[in-house]
$ cat upload_28.tsv   # TSV, C-alpha atoms
chain	number	residue	atom	x	y	z
A	1	MET	CA	0.00	0.00	0.00
A	2	GLU	CA	2.93	2.35	0.61
A	3	ASN	CA	3.38	3.18	-3.08
A	4	ASN	CA	4.63	6.60	-4.10
A	5	THR	CA	1.19	8.23	-4.44
A	6	ALA	CA	-0.08	6.79	-1.16
A	7	LYS	CA	3.10	7.98	0.56
A	8	ARG	CA	2.69	11.50	-0.84
A	9	ILE	CA	-0.94	11.53	0.32
A	10	LEU	CA	0.11	10.45	3.80
A	11	ASP	CA	2.95	13.00	3.91
A	12	VAL	CA	0.63	15.86	2.99
A	13	ALA	CA	-2.11	14.66	5.33
A	14	GLN	CA	0.38	14.35	8.18
A	15	ASP	CA	1.56	17.92	7.72
A	16	MET	CA	-2.03	19.13	7.63
A	17	VAL	CA	-3.14	17.22	10.73
A	18	ARG	CA	-0.05	18.24	12.70
A	19	ASN	CA	-0.71	21.88	11.77
A	20	ARG	CA	-4.52	22.07	11.68
A	21	GLY	CA	-6.05	19.02	13.33
A	22	TYR	CA	-8.50	16.40	12.11
A	23	SER	CA	-11.47	18.62	11.34
A	24	ALA	CA	-9.55	21.30	9.45
A	25	PHE	CA	-8.44	19.33	6.40
A	26	SER	CA	-10.20	17.58	3.56
A	27	TYR	CA	-9.49	15.43	0.55
A	28	ALA	CA	-9.82	18.59	-1.54
A	29	ASP	CA	-6.93	20.14	0.44
A	30	ILE	CA	-4.79	17.05	-0.11
A	31	SER	CA	-5.77	16.86	-3.77
A	32	THR	CA	-4.56	20.41	-4.38
A	33	GLN	CA	-1.20	19.88	-2.68
A	34	VAL	CA	-0.48	16.45	-4.15
A	35	GLY	CA	-1.73	17.42	-7.58
A	36	ILE	CA	-4.16	14.55	-8.04
A	37	ARG	CA	-7.92	14.21	-8.20
A	38	LYS	CA	-9.92	13.47	-5.04
A	39	ALA	CA	-10.97	10.17	-6.63
A	40	SER	CA	-7.32	9.12	-6.63
A	41	ILE	CA	-7.12	9.73	-2.90
A	42	HIS	CA	-10.28	7.66	-2.40
A	43	TYR	CA	-8.65	4.86	-4.38
A	44	HIS	CA	-5.87	4.63	-1.78
A	45	PHE	CA	-7.91	5.67	1.27
A	46	PRO	CA	-11.66	5.16	0.72
A	47	SER	CA	-12.55	7.40	3.67
A	48	LYS	CA	-10.98	10.14	5.75
A	49	ASP	CA	-11.19	7.84	8.77
A	50	GLU	CA	-9.16	5.16	6.97
A	51	LEU	CA	-6.63	7.76	5.89
A	52	VAL	CA	-6.21	9.04	9.45
A	53	ARG	CA	-5.96	5.50	10.86
A	54	ALA	CA	-3.19	4.71	8.36
A	55	LEU	CA	-1.56	8.03	9.18
A	56	VAL	CA	-1.52	7.35	12.93
A	57	LYS	CA	-0.22	3.82	12.38
A	58	ARG	CA	2.63	5.12	10.21
A	59	TYR	CA	3.41	7.90	12.70
A	60	ARG	CA	3.41	5.41	15.59
A	61	GLU	CA	5.77	3.10	13.72
A	62	GLY	CA	8.05	6.07	13.02
A	63	MET	CA	8.11	6.96	16.72
A	64	VAL	CA	9.00	3.38	17.63
A	65	LYS	CA	11.91	3.47	15.17
A	66	ALA	CA	13.09	6.84	16.49
A	67	CYS	CA	12.96	5.61	20.08
A	68	ASP	CA	14.80	2.41	19.14
A	69	ARG	CA	17.55	4.49	17.49
A	70	ILE	CA	17.88	6.50	20.69
A	71	ALA	CA	17.99	3.36	22.85
A	72	GLN	CA	20.62	1.73	20.63
A	73	SER	CA	22.85	4.79	20.59
A	74	ALA	CA	25.96	4.93	22.70
A	75	ILE	CA	24.81	8.04	24.60
A	76	SER	CA	24.10	8.20	28.33
A	77	LEU	CA	20.62	7.74	29.77
A	78	ASP	CA	20.25	11.44	30.53
A	79	GLN	CA	21.18	12.25	26.92
A	80	GLN	CA	18.63	9.69	25.73
A	81	ILE	CA	15.95	11.63	27.63
A	82	ILE	CA	17.12	14.81	25.87
A	83	GLN	CA	17.02	13.07	22.48
A	84	PHE	CA	13.50	11.88	23.24
A	85	ALA	CA	12.48	15.47	24.09
A	86	ASN	CA	14.08	16.59	20.82
A	87	LEU	CA	11.60	14.42	18.91
A	88	TYR	CA	8.92	16.81	20.18
A	89	ARG	CA	11.06	19.92	19.74
A	90	ASP	CA	11.93	19.20	16.13
A	91	GLY	CA	8.34	19.33	14.88
A	92	LEU	CA	8.07	22.90	16.09
A	93	GLU	CA	10.55	23.98	13.42
A	94	ASN	CA	7.67	23.46	10.97
A	95	GLY	CA	4.97	24.76	13.33
A	96	GLN	CA	3.83	21.22	14.03
A	97	ILE	CA	2.96	19.36	17.17
A	98	CYS	CA	2.77	15.64	17.82
A	99	LEU	CA	0.22	14.06	15.48
A	100	CYS	CA	-1.34	11.99	18.26
A	101	ALA	CA	-1.51	14.96	20.62
A	102	MET	CA	-3.31	16.94	17.94
A	103	LEU	CA	-5.72	14.07	17.30
A	104	ALA	CA	-6.27	13.45	21.00
A	105	ALA	CA	-7.84	16.91	21.16
A	106	ASP	CA	-10.42	15.64	18.63
A	107	PHE	CA	-10.71	12.19	20.23
A	108	GLU	CA	-14.48	12.27	20.69
A	109	VAL	CA	-15.16	12.84	16.98
A	110	LEU	CA	-12.74	10.19	15.75
A	111	PRO	CA	-13.80	6.66	14.83
A	112	GLU	CA	-12.96	3.69	17.04
A	113	ALA	CA	-10.22	2.42	14.70
A	114	VAL	CA	-8.38	5.74	15.05
A	115	HIS	CA	-8.94	5.71	18.84
A	116	LYS	CA	-7.17	2.37	19.01
A	117	GLU	CA	-4.18	3.56	16.97
A	118	ILE	CA	-3.81	6.66	19.15
A	119	GLN	CA	-4.04	4.55	22.31
A	120	ILE	CA	-1.39	2.17	20.96
A	121	PHE	CA	0.85	5.16	20.17
A	122	PHE	CA	0.62	6.47	23.73
A	123	ARG	CA	0.98	2.98	25.23
A	124	ASP	CA	4.08	2.20	23.15
A	125	THR	CA	5.68	5.58	23.76
A	126	GLU	CA	5.00	5.38	27.48
A	127	ALA	CA	6.35	1.80	27.63
A	128	TRP	CA	9.56	2.81	25.88
A	129	LEU	CA	10.06	5.77	28.17
A	130	THR	CA	9.23	3.66	31.25
A	131	THR	CA	11.91	1.17	30.22
A	132	LEU	CA	14.46	3.96	29.84
A	133	LEU	CA	13.55	5.43	33.22
A	134	GLN	CA	13.65	1.98	34.84
A	135	GLN	CA	17.20	1.52	33.54
A	136	GLY	CA	18.14	4.77	35.24
A	137	CYS	CA	16.53	3.66	38.50
A	138	ASP	CA	18.10	0.19	38.35
A	139	THR	CA	21.57	1.68	37.91
A	140	SER	CA	20.94	4.35	40.59
A	141	VAL	CA	21.34	7.13	38.03
A	142	TRP	CA	17.86	8.39	38.93
A	143	ASP	CA	15.46	8.05	41.81
A	144	CYS	CA	12.02	7.96	40.28
A	145	GLN	CA	8.83	6.01	39.75
A	146	PRO	CA	9.26	5.08	36.06
A	147	GLU	CA	5.62	4.60	35.05
A	148	GLN	CA	4.46	7.80	36.73
A	149	GLU	CA	7.44	9.77	35.40
A	150	ALA	CA	6.85	8.48	31.85
A	151	LYS	CA	3.24	9.71	31.87
A	152	GLY	CA	4.33	13.05	33.30
A	153	LEU	CA	7.13	13.51	30.77
A	154	ILE	CA	4.87	12.82	27.81
A	155	ALA	CA	2.26	15.23	29.15
A	156	MET	CA	4.92	17.87	29.81
A	157	LEU	CA	6.41	17.54	26.32
A	158	GLN	CA	3.06	17.76	24.60
A	159	GLY	CA	1.96	20.66	26.79
A	160	ALA	CA	5.25	22.43	26.09
A	161	GLN	CA	4.58	22.02	22.35
A	162	LEU	CA	1.20	23.68	22.73
A	163	LEU	CA	2.57	26.60	24.72
A	164	ALA	CA	5.56	26.99	22.43
A	165	ARG	CA	3.48	26.88	19.28
A	166	SER	CA	1.66	30.06	20.27
A	167	SER	CA	4.81	32.02	21.15
A	168	ALA	CA	6.88	34.27	18.92
A	169	ASN	CA	9.85	31.87	19.06
A	170	SER	CA	8.47	28.38	19.51
A	171	ILE	CA	11.83	26.60	19.67
A	172	ALA	CA	13.23	28.91	22.35
A	173	THR	CA	10.01	28.68	24.37
A	174	PHE	CA	10.00	24.88	24.19
A	175	GLU	CA	13.65	24.76	25.26
A	176	GLN	CA	13.03	27.20	28.15
A	177	ILE	CA	10.19	25.01	29.42
A	178	VAL	CA	11.58	21.53	28.85
A	179	TYR	CA	15.34	21.43	29.25
A	180	PRO	CA	15.63	23.04	32.71
A	181	LEU	CA	13.03	20.58	34.02
A	182	LEU	CA	14.79	17.61	32.44
A	183	GLN	CA	18.14	18.79	33.72
A	184	SER	CA	16.88	19.27	37.28
A	185	LYS	CA	15.28	15.83	37.33
A	186	PHE	CA	17.56	13.70	35.16
A	187	SER	CA	21.00	15.30	35.14
A	188	LYS	CA	23.83	13.20	36.60
A	189	ASP	CA	25.15	16.19	38.53

$ encode --input "upload_28.tsv" --output "structure tokens"
Amino acid sequence: MENNTAKRILDVAQDMVRNRGYSAFSYADISTQVGIRKASIHYHFPSKDELVRALVKRYREGMVKACDRIAQSAISLDQQIIQFANLYRDGLENGQICLCAMLAADFEVLPEAVHKEIQIFFRDTEAWLTTLLQQGCDTSVWDCQPEQEAKGLIAMLQGAQLLARSSANSIATFEQIVYPLLQSKFSKD
């Protein structure tokens, strides 16, 4: 299914959802940007709900890969936390926030299949972060409750994206919110 046209449709849809949300984009919007007819989009994704479900699944799989790259790197645990935070920071360069955070705001109007994909995204992300935090606790690098800290970190990062997005310099605002908190909690010093 991930042929070139389907990939372009997903890329454009992802940018739109991360910038506008679920309700503020249509197949007509995608059609204009991709340069194809709406019928071609329907060929690949018969409904908007199917498109968004595929979009969340792809985004979730991308987050898993990004987290795995961080975990497999040779950097310290505290630097892995920073790299994880950077996944949220980097989207702000394009005025975008986490796809699943944006969709969670529209959760009540989304179909069940999309609910499940969003829930899997948060479950997987939280599990990865919990594992990282548990490693820090097990090696006495940190003193924390990994599951609780993971939930709090995800909420803080997504909240920081929202606050930063509305500021004049979103990157600087995100960094001013996030990095001092991470340093005070997870720095080795």

$ atom_distance --input "upload_28.tsv" --atom1 "atom CA of Asp68 of chain A" --atom2 "atom CA of Trp128 of chain A"
8.5 Å

$ residues_around --input "upload_28.tsv" --residues "Gly35 of chain A" --least-positions-apart "5" --cutoff "12 Å" --atoms "all atoms listed in the file" --output "ChimeraX atom specification"
/A:5,8-9,12,27-30,40-41

$ residues_around --input "upload_28.tsv" --residues "Gln148 of chain A" --least-positions-apart "5" --cutoff "10 Å" --atoms "all atoms listed in the file" --output "ChimeraX atom specification"
/A:126,130,153

$ closest_residue --input "upload_28.tsv" --among "A:Val114, A:Val56, A:Val34, A:Leu92" --to "Ala172 of chain A" --atoms "all atoms listed in the file"
A:Leu92

$ atom_distance --input "upload_28.tsv" --atom1 "atom CA of Cys144 of chain A" --atom2 "atom CA of Pro180 of chain A"
17.3 Å

$ atom_distance --input "upload_28.tsv" --atom1 "atom CA of Pro146 of chain A" --atom2 "atom CA of Leu133 of chain A"
5.2 Å

$ closest_residue --input "upload_28.tsv" --among "A:Ile70, A:Gly95, A:Trp142, A:Arg20" --to "Gln183 of chain A" --atoms "only C-alpha atoms"
A:Trp142

$ closest_residue --input "upload_28.tsv" --among "A:Ala113, A:Ile171, A:Val17, A:Ile154" --to "Arg53 of chain A" --atoms "all atoms listed in the file"
A:Ala113

$ closest_residue --input "upload_28.tsv" --among "A:Val52, A:Leu182, A:Leu157, A:Ala168" --to "Arg89 of chain A" --atoms "all atoms listed in the file"
A:Leu157

$ closest_residue --input "upload_28.tsv" --among "A:Asp49, A:Glu61, A:Asp90, A:Asp78" --to "Phe121 of chain A" --atoms "only C-alpha atoms"
A:Glu61

$ closest_residue --input "upload_28.tsv" --among "A:Met16, A:Ala71, A:Ala54, A:Ala164" --to "Thr131 of chain A" --atoms "all atoms listed in the file"
A:Ala71

$ axis_aligned_box --input "upload_28.tsv" --around "segment 48-58 of chain A" --padding-each-side "8 Å" --output "AutoDock Vina command-line options"
--center_x -4.3 --center_y 7.0 --center_z 9.3 --size_x 29.8 --size_y 22.3 --size_z 23.2

$ residues_around --input "upload_28.tsv" --residues "Cys100 of chain A" --least-positions-apart "4" --cutoff "10 Å" --atoms "all atoms listed in the file" --output "list in words"
Val17, Arg18, Gly21, Leu55, Val56, Tyr59, Arg60, Ala104, Ala105, Asp106, Phe107, Val114, His115, Glu117, Ile118, Gln119, Phe121, Phe122 and Gln158 of chain A

$ residues_around --input "upload_28.tsv" --residues "Tyr179 of chain A" --least-positions-apart "4" --cutoff "9 Å" --atoms "all atoms listed in the file" --output "PyMOL selection string"
chain A and resi 82+85+174-175+183-184

$ build_atoms --input "upload_28.tsv" --residues "segment 107-121 of chain A" --atoms "N, CA and C atoms" --output "short mmCIF file (atom, residue, chain, number, x, y, z; two decimals), in the coordinates of the input"
data_model
loop_
_atom_site.label_atom_id
_atom_site.label_comp_id
_atom_site.auth_asym_id
_atom_site.auth_seq_id
_atom_site.Cartn_x
_atom_site.Cartn_y
_atom_site.Cartn_z
N PHE A 107 -10.47 13.61 19.97
CA PHE A 107 -10.71 12.19 20.23
C PHE A 107 -12.18 11.80 20.13
N GLU A 108 -13.05 12.62 20.66
CA GLU A 108 -14.48 12.27 20.69
C GLU A 108 -15.13 12.20 19.31
N VAL A 109 -14.57 12.87 18.32
CA VAL A 109 -15.16 12.84 16.98
C VAL A 109 -14.48 11.84 16.06
N LEU A 110 -13.48 11.16 16.56
CA LEU A 110 -12.74 10.19 15.75
C LEU A 110 -13.38 8.81 15.84
N PRO A 111 -13.25 8.02 14.80
CA PRO A 111 -13.80 6.66 14.83
C PRO A 111 -12.99 5.74 15.74
N GLU A 112 -13.58 4.64 16.12
CA GLU A 112 -12.96 3.69 17.04
C GLU A 112 -11.61 3.19 16.53
N ALA A 113 -11.49 2.93 15.24
CA ALA A 113 -10.22 2.42 14.70
C ALA A 113 -9.09 3.43 14.91
N VAL A 114 -9.39 4.71 14.81
CA VAL A 114 -8.38 5.74 15.05
C VAL A 114 -8.10 5.84 16.55
N HIS A 115 -9.14 5.73 17.38
CA HIS A 115 -8.94 5.71 18.84
C HIS A 115 -7.89 4.67 19.21
N LYS A 116 -8.08 3.48 18.66
CA LYS A 116 -7.17 2.37 19.01
C LYS A 116 -5.74 2.67 18.60
N GLU A 117 -5.54 3.22 17.41
CA GLU A 117 -4.18 3.56 16.97
C GLU A 117 -3.55 4.63 17.87
N ILE A 118 -4.33 5.61 18.25
CA ILE A 118 -3.81 6.66 19.15
C ILE A 118 -3.46 6.05 20.50
N GLN A 119 -4.31 5.20 21.02
CA GLN A 119 -4.04 4.55 22.31
C GLN A 119 -2.79 3.68 22.24
N ILE A 120 -2.60 2.98 21.12
CA ILE A 120 -1.39 2.17 20.96
C ILE A 120 -0.16 3.08 20.92
N PHE A 121 -0.27 4.22 20.22
CA PHE A 121 0.85 5.16 20.17
C PHE A 121 1.26 5.58 21.59
#
